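**Student:** Below is one structure. I have some questions about it.
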Amino acid sequence: MTPPPGRRTGPYSTGRHHGSPASRHGSPALRHDDRRRTFPALEPRTGREFASSWWGNAWVRALEDTALDLARLARGRTYARGGHVDAITVTPGRVTAYVHGSRARPYRTEIRLRTLSDEDWQDFLAAAADRPEHIAALLDKDVPQALATAAELLPTPGDLVPDCSCPDDGYPCKHAAALCYQTARLLDRDPFVLFLMRGMGERDILAELSHRNATRSASERTAAAPLPTVPAHEVLARGRLPALPPPFPLPGQPGRPPVYPEATGAPDPIALDLLAGEAASRAHTLLSSGADPIAGLSVWQDAVRLAAAHPGSGLTASTRALYRDLAAATGRTPTDLARAVAAWRQGGRPALDVLEEPWDPPAGPFDRARPALAAADFPHFRPRRNRLSTSALQLRFGRDGLWYGYESDTDREDWWPRGTPDKDPVGALTALLAHEGHTRADG
């Protein structure tokens with residue numbers, strides 16, 4: 001991996017970078033290098049688990065979900081518990097240590113992972129500075145789950161790339177596995193180790209957050225206007241209550257929910273954060289417009305709406321958990337939910353109805369669709385209820401008078417919403433073909 005410009009990435013430390021006092025010979029004290037940290041060898045582990053924090057366990061899962069040989073993982077755990085891993089050095093994109101194996105000379109072992117881009121870091125810092133409780137959590141060596149997903153800080157399967165000087169070609173070998181397990185213990189103690197792995201040191205993060213927080217506070221002090229008040233003794237002296245003051249002005253955007261800690265037996269913090277944010281947004285819309293944006297939705301429709309409002313299509317760790325939990329709560333599978341989300345993004349509630357409710361349309365637009373398609377050189381669509389199908393493409397006629405495109409693998413009958421709805425079946429088909437890069441619809 002290529003380290004960020006201007007950053008030291010050598011895997012070993014002389015031990016002097018921690019900023020020792022001036023020596024007896026009068027040499028100046030060395031500055032602390034915030035982008036290179038070395039941790040003494042950890043004491044042998046006696047407990048079964050290597051991590052107690054949720055982010056430390058996420059690191060362990062990323063290792064174990066990628067491993068190709070469970071026996072090597074078990075051997076790595078034994079090595080880690082037995083104190084075979086020497087001092088660990090962490091630099092951006094790299095974790096390095098000597099690991100003792102069966103021979104006298106230890107093996108040089110490292111774990112590499114991608115550093116975040118400048119844009120990723122800006123997203124992370126903005127999310128942290130936007131909520132004072134996030135800054136407080138970081139200072140307390142805690143990582144809110146909502147904050148960790150702002151820039152995909154946590155590794156996913158395939159993110160961790162092991163390398164070792166031993167002759168074992170396992171992925172990972174037992175020495176790299178041992179280093180990973182011991183690294184999880186470091187993350188437990190100090191989450192800023194994870195940030196350093198991703199490319200930014202603790203001092204830089206805290207300095208940037210301090211600057212953003214000061215700027216935000218100054219802006220809020222300038223923008224805040226005093227509210228009118230009436231002395232209570234004056235009101236009581238009049239013998240009658242005055243007219244109510246005007247309502248508070250509506251804020252420009254919904255409020256932000258607090259950080260929810262992770263606790264045994266408690267609801268998932270990400271789910272609580274999501275629901276609180278949704279409640280704030282719904283209340284803000286109701287106050288500003290007088291209309292409830294989700295009135296009339298069923299539990300299933302609201303679950304689809306929630307999932308569709310969070311991009312990632314179930315691919316990131318946070319959206320996978322969201323899809324899993326929403327599907328389980330509604331008695332559906334994650335695949336059912338993902339298909340419904342595709343429909344919702346295609347056209348909202350009417351598109352979801354088209355996905356789930358076949359119906360028999362009256363004569364008229366539906367009956368004219370096949371001749372229109374044939375005239376456009378697409379003659380092979382077969383009708384069935386409100387659907388026109390080939391072996392791989394399908395158009396569905398909605399109760400709203402729009403045509404919705406669908407696609408499936410040939411002869412699979414596994415239809416997924418695609419393209420943009422259109423009043424014209426030829427237009428809907430053209431959008432579907434352009435979306436998927438097809439050239440013909442008569443498969």
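Chain lettering (A, B, ...) mirrors the order of the structure tokens, residue numbering begins at 1 for each chain separately, and ligand numbering begins at 1 in order of display.
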Pick out the residues sitting within 10 Å of Ala431 of chain A, and hand them over as a compact mmCIF listing (two decimals) with C-alpha atoms, in the first residue's frame; count only C-alpha atoms, and ignore anything fewer than 3 positions along from it in its own chain.

**Tutor:**
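This went into result-v4.txt:
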```txt
# COMPACT_ATOMS: atom_id res chain seq x y z
CA TYR A 404 -42.49 0.21 -14.24
CA GLY A 405 -39.47 -1.67 -15.57
CA ARG A 418 -35.03 -1.17 -12.58
CA GLY A 419 -35.19 2.08 -14.51
CA THR A 420 -37.59 5.02 -14.30
CA PRO A 421 -41.42 4.80 -14.45
CA ASP A 422 -43.09 6.33 -17.50
CA PRO A 425 -44.42 1.70 -22.12
CA VAL A 426 -41.80 2.33 -24.79
CA GLY A 427 -40.32 5.13 -22.66
CA ALA A 428 -40.22 2.88 -19.58
CA ALA A 434 -30.40 2.34 -20.83
CA HIS A 435 -30.11 1.55 -17.09
CA GLU A 436 -28.87 -2.00 -17.69
CA GLY A 437 -26.96 -1.51 -20.94
```

**Student:** Considering only C-alpha atoms, return as a list in words whatever protein or nucleic-acid residues lie within 6 Å of segment 41-52 of chain A, sequence-local ones (same chain, fewer than 5 positions apart) excluded.

**Tutor:**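 That gives Asn57, Arg81, Gly82, Gly83, Asp86, Ala87, Ala184 and Arg185 of chain A.
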
**Student:** Among segment 77-115 of chain A, which ones does DSSP place in helix (DSSP H, G or I), written as number ranges by chain?

**Tutor:** A: 77-81

**Student:** Neighbouring residues of segment 133-145 of chain A were defined as those with any atom within 6 Å, considering only C-alpha atoms; residues of the same chain fewer than 3 positions away were excluded. Please report them as a ChimeraX atom specification.

**Tutor:** /A:128,148,190

**Student:** Between A:Gly101, A:Pro267, A:Gly252, A:Gly93, which has the minimum distance to Leu116 of chain A (counting only C-alpha atoms)?

**Tutor:**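 Selected residue with least distance to Leu116 of chain A: A:Gly93.
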
**Student:** Compile a residue-level contact table for segment 170-218 of chain A against segment 61-74 of chain A at a cut-off of 8 Å, reporting for every qualifying residue the shortest atom pair and its distance in Å to one decimal, with only C-alpha atoms counted, rows ordered by chain and ascending number, as CSV.

**Tutor:**
```
residue,atom,partner,partner_atom,distance
A:Gly170,CA,A:Asp69,CA,7.3
A:Tyr171,CA,A:Ala67,CA,5.9
A:Pro172,CA,A:Ala67,CA,6.1
A:Cys173,CA,A:Arg72,CA,6.1
A:Lys174,CA,A:Arg72,CA,5.0
A:Ala177,CA,A:Leu73,CA,5.9
A:Ala178,CA,A:Leu73,CA,7.9
A:Cys180,CA,A:Leu63,CA,7.2
```

**Student:** Save the residues we just selected, N, CA, C and O atoms, as a short mmCIF file (atom, residue, chain, number, x, y, z; two decimals), in the first residue's frame?

**Tutor:**
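What ended up in out_31.cif:
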```cif
data_model
loop_
_atom_site.label_atom_id
_atom_site.label_comp_id
_atom_site.auth_asym_id
_atom_site.auth_seq_id
_atom_site.Cartn_x
_atom_site.Cartn_y
_atom_site.Cartn_z
N GLY A 170 -0.50 -19.45 4.53
CA GLY A 170 -1.89 -19.36 4.96
C GLY A 170 -2.38 -17.92 4.95
O GLY A 170 -1.59 -16.97 4.99
N TYR A 171 -3.69 -17.76 4.88
CA TYR A 171 -4.27 -16.42 4.83
C TYR A 171 -5.33 -16.30 5.91
O TYR A 171 -6.48 -16.72 5.70
N PRO A 172 -4.94 -15.76 7.09
CA PRO A 172 -3.58 -15.36 7.46
C PRO A 172 -2.82 -16.53 8.07
O PRO A 172 -3.42 -17.52 8.48
N CYS A 173 -1.50 -16.38 8.18
CA CYS A 173 -0.74 -17.36 8.94
C CYS A 173 -0.99 -17.15 10.43
O CYS A 173 -1.59 -16.16 10.84
N LYS A 174 -0.54 -18.08 11.24
CA LYS A 174 -0.82 -17.99 12.68
C LYS A 174 -0.14 -16.79 13.32
O LYS A 174 -0.64 -16.24 14.30
N ALA A 177 -2.33 -13.79 12.47
CA ALA A 177 -3.55 -13.90 13.27
C ALA A 177 -3.28 -13.47 14.71
O ALA A 177 -4.09 -12.75 15.32
N ALA A 178 -2.15 -13.91 15.27
CA ALA A 178 -1.80 -13.51 16.64
C ALA A 178 -1.67 -12.00 16.76
O ALA A 178 -2.13 -11.38 17.73
N CYS A 180 -3.15 -9.77 14.89
CA CYS A 180 -4.49 -9.19 14.80
C CYS A 180 -5.22 -9.26 16.14
O CYS A 180 -5.87 -8.30 16.57
#
```
